[in-house]
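Enquirer: Could you have a look at this structure, given as structure tokens, before my questions?
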There are 2 protein chains.
Amino acid sequence: MNKAAQLEASELLKNADVYPSYQRIMVLASLFESDEHPSADALFKQLGSNVPTISRATVYNTLNLLVDKGVIRSLHTAGAETHFDSVSETHGHFFCRKCKKIYDIPQQNTEVKHELDGHLVESQELVFTGLCKECRE
Amino acid sequence: MNKAAQLEASELLKNADVYPSYQRIMVLASLFESDEHPSADALFKQLGSNVPTISRATVYNTLNLLVDKGVIRSLHTAGAETHFDSVSETHGHFFCRKCKKIYDIPQQNTEVKHELDGHLVESQELVFTGLCKECRE
DNA sequence: TACTCTATTTAGATTAAATCTAAATTTAGA
DNA sequence: TCTAAATTTAGATTTAATCTAAATAGAGTA
Ligand SMILES: [Mn+2]
Ligand SMILES: [Mn+2]
Ligand SMILES: [Zn+2]
Ligand SMILES: [Zn+2]
């Protein structure tokens with residue numbers, strides 16, 4: 001129950017024009033506290049102890065809403081689940097096909113495109129896949 | 001029943017050390033003929049007319065095997081399904097959140113990394129998301 | 001050819017991430 | 001307080017993907 005994270009979460013929600021309900025604050029604060037890139041279900045389980053009655057639907061709804069609002073990012077890898085990232089600054093990711101961990105990668109080409117071939121770009125994802133430092137022995 | 005595509009598919013399979021069974025040839029040839037970026041299920045349905053007895057498992061097994069062998073690429077977007085691309089040259093993709101279409105995007109930074117922060121890079125994916133040319137009206 | 005072993009395919013069952021539904025609860029405004 | 005809209009909840013449902021066990025096909029040997 002990190003109060004600072006909850007305050008920051010509340011602020012971000014308000015700035016994004018999203019009503020800062022207790023559940024939404026806890027979902028976002030929980031994402032802040034996990035330095036990994038958790039899946040929705042991982043967050044749901046992590047929240048279980050603090051917010052016993054929270055439902056899976058609320059976790060999914062909140063995460064999807066915040067992705068739409070640009071507050072957080074979603075990561076799509078060769079793994080089955082979608083993962084989430086509270087850091088909105090542009091950076092890439094490395095997905096290890098063995099241990100399934102996701103590492104941050106400083107993105108080289110940081111210029112963010114807003115239009116490509118006439119398409120309106122709202123977000124971008126750069127994902128590398130392979131064997132991580134530890135899994136290649 | 002494009003014979004040229006089937007011949008090319010057979011060659012690629014052999015080069016990748018994969019036994020070129022009739023089903024595998026048809027799956028890969030079918031991917032060649034679809035200029036879109038089909039999902040496994042879309043390919044399964046498309047194959048239905050030519051190879052009536054082919055099973056979903058074979059389509060999935062073949063596609064996964066060919067991704068592992070580096071013959072084809074898999075695309076992971078905000079959409080639910082994994083899509084596949086027969087073009088192995090490096091290029092990016094644009095995913096339209098409205099019509100769900102996937103467009104090819106010539107990749108600017110074409111230099112392919114083989115190692116990042118000590119991680120072994122086997123493939124990379126650059127995916128933009130937003131509203132495509134047609135869906136933004 | 002006949003025999004054996006391995007590789008591949010098949011149909012259907014199973015798994016699990018994500019969404020959906022309809023009822024309950026909470027919030028904001030009059 | 002009353003009412004309507006927003007949010008949450010539990011559980012059912014959907015469906016992409018994998019798994020299973022049996023059938024089929026291919027390769028090697030004699
Ligand atoms: Mn990250
Ligand atoms: Mn492509
Ligand atoms: Zn690893
Ligand atoms: Zn579109």
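Just so we're on the same page: first chain in the structure tokens is A, next is B, and so on; residues restart at 1 for each chain, and ligands are numbered from 1 in the order they show up.
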Excluding DA5 (chain D) and its own-chain neighbours fewer than 5 positions away, which residues fall within 12 Å of it when counting only C-alpha atoms (C1' of nucleotides)? Please give them as a count of residues only.

Expert: 4

Enquirer: To check your reading of the model: which residues sit at most 7 Å from ligand 2 when counting only C-alpha atoms (C1' of nucleotides) and all ligand atoms? Write the answer as an mmCIF file with C-alpha atoms, in the first residue's frame.

Expert:
data_model
loop_
_atom_site.group_PDB
_atom_site.id
_atom_site.type_symbol
_atom_site.label_atom_id
_atom_site.label_comp_id
_atom_site.auth_asym_id
_atom_site.auth_seq_id
_atom_site.Cartn_x
_atom_site.Cartn_y
_atom_site.Cartn_z
ATOM 1 C CA HIS B 37 -1.071 -10.891 -43.422
ATOM 2 C CA ASP B 85 4.110 -12.773 -43.107
ATOM 3 C CA VAL B 87 8.259 -11.758 -46.475
ATOM 4 C CA HIS B 91 10.054 -4.157 -42.642
ATOM 5 C CA GLY B 92 7.611 -2.667 -40.185
ATOM 6 C CA HIS B 93 3.846 -2.893 -39.921
ATOM 7 C CA TYR B 103 -0.104 -2.559 -43.736
ATOM 8 C CA ASP B 104 3.558 -2.933 -44.650
#

Enquirer: For chain C versus chain A, which residues have an atom no more than 12 Å away, and what is each residue's nearest atom pair and distance in Å rounded to one decimal, using only C-alpha atoms (C1' of nucleotides), chain-then-number order, as a tab-separated table?

Expert:
residue	atom	partner	partner_atom	distance
C:DT15	C1'	A:Ala80	CA	11.8
C:DA16	C1'	A:Ala80	CA	9.2
C:DA17	C1'	A:Glu81	CA	6.4
C:DA18	C1'	A:Tyr60	CA	8.1
C:DT19	C1'	A:Ala57	CA	8.5
C:DC20	C1'	A:Ala57	CA	9.6
C:DT21	C1'	A:Ala57	CA	11.4
C:DT26	C1'	A:Ser21	CA	9.6
C:DT27	C1'	A:Ser21	CA	9.8
C:DA28	C1'	A:Tyr19	CA	11.7

Enquirer: For Ala9 (chain A), list every protein, DNA or RNA residue within 9 Å, evaluated using only C-alpha atoms (C1' of nucleotides), and leave out those in the same chain fewer than 3 positions away; present the list as number ranges by chain.

Expert: A: 4-6, 12-14, 20, 24-29, 32

Enquirer: Just list as a PyMOL selection string whatever in region 5-106 of chain A DSSP marks as alpha helix (DSSP H).

Expert: chain A and resi 5-15+22-33+40-47+56-68

Enquirer: If the cut-off is 8 Å, can you tell me the residues of chain D near chain A, counting only C-alpha atoms (C1' of nucleotides)? I'd like them as a list in words.

Expert: DT8, DT9 and DA10 of chain D

Enquirer: Please indicate the distance in Å from CA of Pro38 (chain B) to C1' of DC19 (chain D), rounded to one decimal place.

Expert: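 Taking CA of Pro38 (chain B) and C1' of DC19 (chain D), their separation equals 23.5 Å.
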
Enquirer: Compute the set of protein, DNA and RNA residues whose minimum atom distance to ligand 3 is at most 8 Å, using only C-alpha atoms (C1' of nucleotides) and all ligand atoms, and state it as a PDB file with all heavy atoms, in the first residue's frame.

Expert:
ATOM      1  N   PHE A  95      12.019  -9.628 -25.640  1.00  0.00           N
ATOM      2  CA  PHE A  95      11.234 -10.735 -25.094  1.00  0.00           C
ATOM      3  C   PHE A  95      12.044 -12.020 -25.197  1.00  0.00           C
ATOM      4  O   PHE A  95      12.447 -12.422 -26.293  1.00  0.00           O
ATOM      5  CB  PHE A  95       9.924 -10.878 -25.862  1.00  0.00           C
ATOM      6  CG  PHE A  95       9.130 -12.109 -25.492  1.00  0.00           C
ATOM      7  CD1 PHE A  95       8.470 -12.193 -24.272  1.00  0.00           C
ATOM      8  CD2 PHE A  95       9.042 -13.180 -26.362  1.00  0.00           C
ATOM      9  CE1 PHE A  95       7.738 -13.323 -23.926  1.00  0.00           C
ATOM     10  CE2 PHE A  95       8.312 -14.324 -26.033  1.00  0.00           C
ATOM     11  CZ  PHE A  95       7.660 -14.385 -24.807  1.00  0.00           C
ATOM     12  N   CYS A  96      12.298 -12.664 -24.054  1.00  0.00           N
ATOM     13  CA  CYS A  96      13.049 -13.925 -24.065  1.00  0.00           C
ATOM     14  C   CYS A  96      12.077 -15.088 -24.277  1.00  0.00           C
ATOM     15  O   CYS A  96      11.158 -15.293 -23.492  1.00  0.00           O
ATOM     16  CB  CYS A  96      13.808 -14.123 -22.760  1.00  0.00           C
ATOM     17  SG  CYS A  96      14.675 -15.711 -22.713  1.00  0.00           S
ATOM     18  N   ARG A  97      12.300 -15.839 -25.329  1.00  0.00           N
ATOM     19  CA  ARG A  97      11.380 -16.933 -25.676  1.00  0.00           C
ATOM     20  C   ARG A  97      11.515 -18.104 -24.718  1.00  0.00           C
ATOM     21  O   ARG A  97      10.674 -18.992 -24.698  1.00  0.00           O
ATOM     22  CB  ARG A  97      11.631 -17.406 -27.103  1.00  0.00           C
ATOM     23  CG  ARG A  97      12.995 -18.010 -27.340  1.00  0.00           C
ATOM     24  CD  ARG A  97      13.074 -18.642 -28.727  1.00  0.00           C
ATOM     25  NE  ARG A  97      14.444 -18.858 -29.178  1.00  0.00           N
ATOM     26  CZ  ARG A  97      15.200 -19.902 -28.829  1.00  0.00           C
ATOM     27  NH1 ARG A  97      14.722 -20.799 -27.995  1.00  0.00           N
ATOM     28  NH2 ARG A  97      16.442 -20.025 -29.276  1.00  0.00           N
ATOM     29  N   LYS A  98      12.567 -18.098 -23.904  1.00  0.00           N
ATOM     30  CA  LYS A  98      12.728 -19.210 -22.961  1.00  0.00           C
ATOM     31  C   LYS A  98      12.107 -18.875 -21.601  1.00  0.00           C
ATOM     32  O   LYS A  98      11.180 -19.553 -21.163  1.00  0.00           O
ATOM     33  CB  LYS A  98      14.213 -19.558 -22.791  1.00  0.00           C
ATOM     34  CG  LYS A  98      14.431 -20.883 -22.091  1.00  0.00           C
ATOM     35  CD  LYS A  98      15.912 -21.278 -22.081  1.00  0.00           C
ATOM     36  CE  LYS A  98      16.132 -22.525 -21.228  1.00  0.00           C
ATOM     37  NZ  LYS A  98      17.575 -22.694 -20.886  1.00  0.00           N
ATOM     38  N   CYS A  99      12.592 -17.818 -20.966  1.00  0.00           N
ATOM     39  CA  CYS A  99      12.093 -17.502 -19.616  1.00  0.00           C
ATOM     40  C   CYS A  99      10.917 -16.525 -19.658  1.00  0.00           C
ATOM     41  O   CYS A  99      10.336 -16.232 -18.615  1.00  0.00           O
ATOM     42  CB  CYS A  99      13.216 -16.942 -18.742  1.00  0.00           C
ATOM     43  SG  CYS A  99      13.788 -15.298 -19.213  1.00  0.00           S
ATOM     44  N   LYS A 100      10.569 -16.040 -20.861  1.00  0.00           N
ATOM     45  CA  LYS A 100       9.390 -15.184 -21.068  1.00  0.00           C
ATOM     46  C   LYS A 100       9.516 -13.804 -20.418  1.00  0.00           C
ATOM     47  O   LYS A 100       8.538 -13.052 -20.374  1.00  0.00           O
ATOM     48  CB  LYS A 100       8.102 -15.849 -20.542  1.00  0.00           C
ATOM     49  CG  LYS A 100       7.937 -17.303 -20.908  1.00  0.00           C
ATOM     50  CD  LYS A 100       7.755 -17.505 -22.378  1.00  0.00           C
ATOM     51  CE  LYS A 100       7.499 -18.975 -22.722  1.00  0.00           C
ATOM     52  NZ  LYS A 100       7.717 -19.244 -24.156  1.00  0.00           N
ATOM     53  N   LYS A 101      10.701 -13.476 -19.910  1.00  0.00           N
ATOM     54  CA  LYS A 101      10.877 -12.156 -19.303  1.00  0.00           C
ATOM     55  C   LYS A 101      10.937 -11.074 -20.379  1.00  0.00           C
ATOM     56  O   LYS A 101      11.339 -11.324 -21.515  1.00  0.00           O
ATOM     57  CB  LYS A 101      12.160 -12.117 -18.461  1.00  0.00           C
ATOM     58  CG  LYS A 101      11.896 -12.223 -16.974  1.00  0.00           C
ATOM     59  CD  LYS A 101      13.128 -11.861 -16.152  1.00  0.00           C
ATOM     60  CE  LYS A 101      13.979 -13.076 -15.834  1.00  0.00           C
ATOM     61  NZ  LYS A 101      15.057 -12.841 -14.872  1.00  0.00           N
ATOM     62  N   LEU A 131      17.026 -14.997 -27.058  1.00  0.00           N
ATOM     63  CA  LEU A 131      17.409 -15.587 -25.779  1.00  0.00           C
ATOM     64  C   LEU A 131      18.103 -14.528 -24.945  1.00  0.00           C
ATOM     65  O   LEU A 131      19.079 -13.921 -25.393  1.00  0.00           O
ATOM     66  CB  LEU A 131      18.360 -16.766 -25.996  1.00  0.00           C
ATOM     67  CG  LEU A 131      17.731 -18.090 -26.414  1.00  0.00           C
ATOM     68  CD1 LEU A 131      18.815 -19.144 -26.639  1.00  0.00           C
ATOM     69  CD2 LEU A 131      16.736 -18.561 -25.358  1.00  0.00           C
ATOM     70  N   CYS A 132      17.626 -14.333 -23.732  1.00  0.00           N
ATOM     71  CA  CYS A 132      18.193 -13.276 -22.899  1.00  0.00           C
ATOM     72  C   CYS A 132      19.568 -13.676 -22.366  1.00  0.00           C
ATOM     73  O   CYS A 132      19.963 -14.837 -22.409  1.00  0.00           O
ATOM     74  CB  CYS A 132      17.238 -12.926 -21.766  1.00  0.00           C
ATOM     75  SG  CYS A 132      17.342 -14.021 -20.343  1.00  0.00           S
ATOM     76  N   LYS A 133      20.243 -12.660 -21.888  1.00  0.00           N
ATOM     77  CA  LYS A 133      21.578 -12.782 -21.300  1.00  0.00           C
ATOM     78  C   LYS A 133      21.728 -14.058 -20.460  1.00  0.00           C
ATOM     79  O   LYS A 133      22.685 -14.817 -20.630  1.00  0.00           O
ATOM     80  CB  LYS A 133      21.801 -11.571 -20.396  1.00  0.00           C
ATOM     81  CG  LYS A 133      23.226 -11.131 -20.236  1.00  0.00           C
ATOM     82  CD  LYS A 133      23.230  -9.798 -19.487  1.00  0.00           C
ATOM     83  CE  LYS A 133      24.605  -9.126 -19.510  1.00  0.00           C
ATOM     84  NZ  LYS A 133      24.537  -7.744 -19.006  1.00  0.00           N
ATOM     85  N   GLU A 134      20.763 -14.262 -19.558  1.00  0.00           N
ATOM     86  CA  GLU A 134      20.870 -15.384 -18.624  1.00  0.00           C
ATOM     87  C   GLU A 134      20.532 -16.721 -19.264  1.00  0.00           C
ATOM     88  O   GLU A 134      21.135 -17.743 -18.915  1.00  0.00           O
ATOM     89  CB  GLU A 134      19.962 -15.133 -17.415  1.00  0.00           C
ATOM     90  CG  GLU A 134      20.442 -13.952 -16.577  1.00  0.00           C
ATOM     91  CD  GLU A 134      19.536 -13.658 -15.399  1.00  0.00           C
ATOM     92  OE1 GLU A 134      18.594 -14.436 -15.180  1.00  0.00           O
ATOM     93  OE2 GLU A 134      19.773 -12.645 -14.717  1.00  0.00           O
ATOM     94  N   CYS A 135      19.605 -16.726 -20.192  1.00  0.00           N
ATOM     95  CA  CYS A 135      19.160 -17.992 -20.786  1.00  0.00           C
ATOM     96  C   CYS A 135      20.121 -18.521 -21.846  1.00  0.00           C
ATOM     97  O   CYS A 135      20.071 -19.705 -22.198  1.00  0.00           O
ATOM     98  CB  CYS A 135      17.769 -17.849 -21.370  1.00  0.00           C
ATOM     99  SG  CYS A 135      16.490 -17.724 -20.104  1.00  0.00           S
ATOM    100  N   ARG A 136      21.006 -17.675 -22.354  1.00  0.00           N
ATOM    101  CA  ARG A 136      21.976 -18.200 -23.334  1.00  0.00           C
ATOM    102  C   ARG A 136      23.196 -18.800 -22.626  1.00  0.00           C
ATOM    103  O   ARG A 136      24.144 -19.221 -23.259  1.00  0.00           O
ATOM    104  CB  ARG A 136      22.380 -17.135 -24.355  1.00  0.00           C
ATOM    105  CG  ARG A 136      22.914 -15.852 -23.786  1.00  0.00           C
ATOM    106  CD  ARG A 136      22.973 -14.752 -24.832  1.00  0.00           C
ATOM    107  NE  ARG A 136      23.928 -14.984 -25.906  1.00  0.00           N
ATOM    108  CZ  ARG A 136      24.507 -14.007 -26.623  1.00  0.00           C
ATOM    109  NH1 ARG A 136      24.219 -12.741 -26.387  1.00  0.00           N
ATOM    110  NH2 ARG A 136      25.345 -14.283 -27.577  1.00  0.00           N
TER     111      ARG A 136
END

Enquirer: Could you write out as a ChimeraX atom specification the residues of chain A within 6 Å of chain B, counting only C-alpha atoms?

Expert: /A:76-77,118-133

Enquirer: Looking at A:Ile102, A:Val71, A:Ala42, A:Leu63, which one is nearest to ligand 1, with distances taken over only C-alpha atoms and all ligand atoms?

Expert: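 Ranking A:Ile102, A:Val71, A:Ala42, A:Leu63 by distance to ligand 1, first place goes to A:Ile102.
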
Enquirer: Using backbone DSSP assignments, extract all strand (DSSP E) residues from chain B; output them as a PDB file with N, CA and C atoms, in the first residue's frame.

Expert:
ATOM      1  N   ARG B  73       7.575 -14.855 -40.753  1.00  0.00           N
ATOM      2  CA  ARG B  73       7.551 -14.037 -39.548  1.00  0.00           C
ATOM      3  C   ARG B  73       6.163 -14.040 -38.919  1.00  0.00           C
ATOM      4  N   SER B  74       6.120 -13.891 -37.623  1.00  0.00           N
ATOM      5  CA  SER B  74       4.834 -13.752 -36.943  1.00  0.00           C
ATOM      6  C   SER B  74       4.678 -12.311 -36.487  1.00  0.00           C
ATOM      7  N   LEU B  75       3.430 -11.847 -36.511  1.00  0.00           N
ATOM      8  CA  LEU B  75       3.138 -10.469 -36.131  1.00  0.00           C
ATOM      9  C   LEU B  75       2.202 -10.443 -34.946  1.00  0.00           C
ATOM     10  N   HIS B  83      -0.698 -12.933 -36.615  1.00  0.00           N
ATOM     11  CA  HIS B  83      -0.710 -12.941 -38.076  1.00  0.00           C
ATOM     12  C   HIS B  83       0.656 -13.339 -38.606  1.00  0.00           C
ATOM     13  N   PHE B  84       0.680 -13.773 -39.851  1.00  0.00           N
ATOM     14  CA  PHE B  84       1.922 -14.287 -40.426  1.00  0.00           C
ATOM     15  C   PHE B  84       2.272 -13.573 -41.719  1.00  0.00           C
ATOM     16  N   ASP B  85       3.580 -13.526 -41.980  1.00  0.00           N
ATOM     17  CA  ASP B  85       4.110 -12.773 -43.107  1.00  0.00           C
ATOM     18  C   ASP B  85       5.167 -13.622 -43.791  1.00  0.00           C
ATOM     19  N   GLY B  92       8.530  -2.870 -41.295  1.00  0.00           N
ATOM     20  CA  GLY B  92       7.611  -2.667 -40.185  1.00  0.00           C
ATOM     21  C   GLY B  92       6.171  -2.866 -40.602  1.00  0.00           C
ATOM     22  N   HIS B  93       5.265  -2.721 -39.626  1.00  0.00           N
ATOM     23  CA  HIS B  93       3.846  -2.893 -39.921  1.00  0.00           C
ATOM     24  C   HIS B  93       3.012  -1.838 -39.221  1.00  0.00           C
ATOM     25  N   PHE B  94       1.896  -1.520 -39.853  1.00  0.00           N
ATOM     26  CA  PHE B  94       0.933  -0.609 -39.255  1.00  0.00           C
ATOM     27  C   PHE B  94      -0.362  -1.384 -39.040  1.00  0.00           C
ATOM     28  N   PHE B  95      -0.856  -1.361 -37.802  1.00  0.00           N
ATOM     29  CA  PHE B  95      -2.087  -2.071 -37.461  1.00  0.00           C
ATOM     30  C   PHE B  95      -3.195  -1.063 -37.216  1.00  0.00           C
ATOM     31  N   CYS B  96      -4.272  -1.177 -37.984  1.00  0.00           N
ATOM     32  CA  CYS B  96      -5.402  -0.264 -37.802  1.00  0.00           C
ATOM     33  C   CYS B  96      -6.350  -0.822 -36.746  1.00  0.00           C
ATOM     34  N   ILE B 102      -3.548  -4.889 -41.587  1.00  0.00           N
ATOM     35  CA  ILE B 102      -2.120  -4.706 -41.337  1.00  0.00           C
ATOM     36  C   ILE B 102      -1.446  -4.260 -42.625  1.00  0.00           C
ATOM     37  N   TYR B 103      -0.786  -3.110 -42.568  1.00  0.00           N
ATOM     38  CA  TYR B 103      -0.104  -2.559 -43.736  1.00  0.00           C
ATOM     39  C   TYR B 103       1.405  -2.715 -43.571  1.00  0.00           C
ATOM     40  N   ASP B 104       2.095  -2.935 -44.683  1.00  0.00           N
ATOM     41  CA  ASP B 104       3.558  -2.933 -44.650  1.00  0.00           C
ATOM     42  C   ASP B 104       4.070  -1.513 -44.559  1.00  0.00           C
ATOM     43  N   ILE B 105       5.124  -1.347 -43.787  1.00  0.00           N
ATOM     44  CA  ILE B 105       5.775  -0.046 -43.661  1.00  0.00           C
ATOM     45  C   ILE B 105       7.262  -0.242 -43.919  1.00  0.00           C
ATOM     46  N   GLU B 115      22.700  -8.543 -31.223  1.00  0.00           N
ATOM     47  CA  GLU B 115      22.896  -8.605 -29.777  1.00  0.00           C
ATOM     48  C   GLU B 115      22.495  -7.262 -29.171  1.00  0.00           C
ATOM     49  N   LEU B 116      21.835  -7.328 -28.040  1.00  0.00           N
ATOM     50  CA  LEU B 116      21.386  -6.114 -27.352  1.00  0.00           C
ATOM     51  C   LEU B 116      21.541  -6.330 -25.855  1.00  0.00           C
ATOM     52  N   HIS B 119      21.769  -9.726 -24.709  1.00  0.00           N
ATOM     53  CA  HIS B 119      20.725 -10.652 -25.153  1.00  0.00           C
ATOM     54  C   HIS B 119      20.952 -11.040 -26.615  1.00  0.00           C
ATOM     55  N   LEU B 120      20.681 -12.300 -26.934  1.00  0.00           N
ATOM     56  CA  LEU B 120      20.796 -12.777 -28.309  1.00  0.00           C
ATOM     57  C   LEU B 120      19.503 -12.485 -29.068  1.00  0.00           C
ATOM     58  N   VAL B 121      19.593 -11.622 -30.061  1.00  0.00           N
ATOM     59  CA  VAL B 121      18.401 -11.227 -30.825  1.00  0.00           C
ATOM     60  C   VAL B 121      18.211 -12.154 -32.019  1.00  0.00           C
ATOM     61  N   GLU B 122      17.053 -12.749 -32.102  1.00  0.00           N
ATOM     62  CA  GLU B 122      16.762 -13.654 -33.215  1.00  0.00           C
ATOM     63  C   GLU B 122      15.801 -13.032 -34.224  1.00  0.00           C
ATOM     64  N   SER B 123      14.970 -12.128 -33.752  1.00  0.00           N
ATOM     65  CA  SER B 123      14.053 -11.441 -34.669  1.00  0.00           C
ATOM     66  C   SER B 123      13.603 -10.131 -34.043  1.00  0.00           C
ATOM     67  N   GLN B 124      13.049  -9.285 -34.870  1.00  0.00           N
ATOM     68  CA  GLN B 124      12.540  -8.024 -34.337  1.00  0.00           C
ATOM     69  C   GLN B 124      11.271  -7.626 -35.069  1.00  0.00           C
ATOM     70  N   GLU B 125      10.437  -6.913 -34.346  1.00  0.00           N
ATOM     71  CA  GLU B 125       9.130  -6.513 -34.864  1.00  0.00           C
ATOM     72  C   GLU B 125       8.897  -5.062 -34.537  1.00  0.00           C
ATOM     73  N   LEU B 126       8.571  -4.278 -35.538  1.00  0.00           N
ATOM     74  CA  LEU B 126       8.190  -2.885 -35.307  1.00  0.00           C
ATOM     75  C   LEU B 126       6.746  -2.716 -35.745  1.00  0.00           C
ATOM     76  N   VAL B 127       5.874  -2.425 -34.794  1.00  0.00           N
ATOM     77  CA  VAL B 127       4.450  -2.317 -35.102  1.00  0.00           C
ATOM     78  C   VAL B 127       3.896  -0.961 -34.658  1.00  0.00           C
ATOM     79  N   PHE B 128       3.344  -0.233 -35.616  1.00  0.00           N
ATOM     80  CA  PHE B 128       2.647   1.010 -35.320  1.00  0.00           C
ATOM     81  C   PHE B 128       1.158   0.710 -35.202  1.00  0.00           C
ATOM     82  N   THR B 129       0.487   1.427 -34.342  1.00  0.00           N
ATOM     83  CA  THR B 129      -0.957   1.251 -34.206  1.00  0.00           C
ATOM     84  C   THR B 129      -1.641   2.608 -34.333  1.00  0.00           C
ATOM     85  N   GLY B 130      -2.821   2.597 -34.905  1.00  0.00           N
ATOM     86  CA  GLY B 130      -3.577   3.834 -35.043  1.00  0.00           C
ATOM     87  C   GLY B 130      -4.754   3.662 -35.966  1.00  0.00           C
ATOM     88  N   LEU B 131      -5.061   4.713 -36.724  1.00  0.00           N
ATOM     89  CA  LEU B 131      -6.168   4.668 -37.685  1.00  0.00           C
ATOM     90  C   LEU B 131      -5.589   4.754 -39.085  1.00  0.00           C
TER      91      LEU B 131
END

Enquirer: Pick from A:Thr62, A:Ser10, A:Ser34, A:Ser49: nearest to ligand 1, with only C-alpha atoms and all ligand atoms counted?

Expert: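 So, comparing all the options, the nearest one is A:Ser34.
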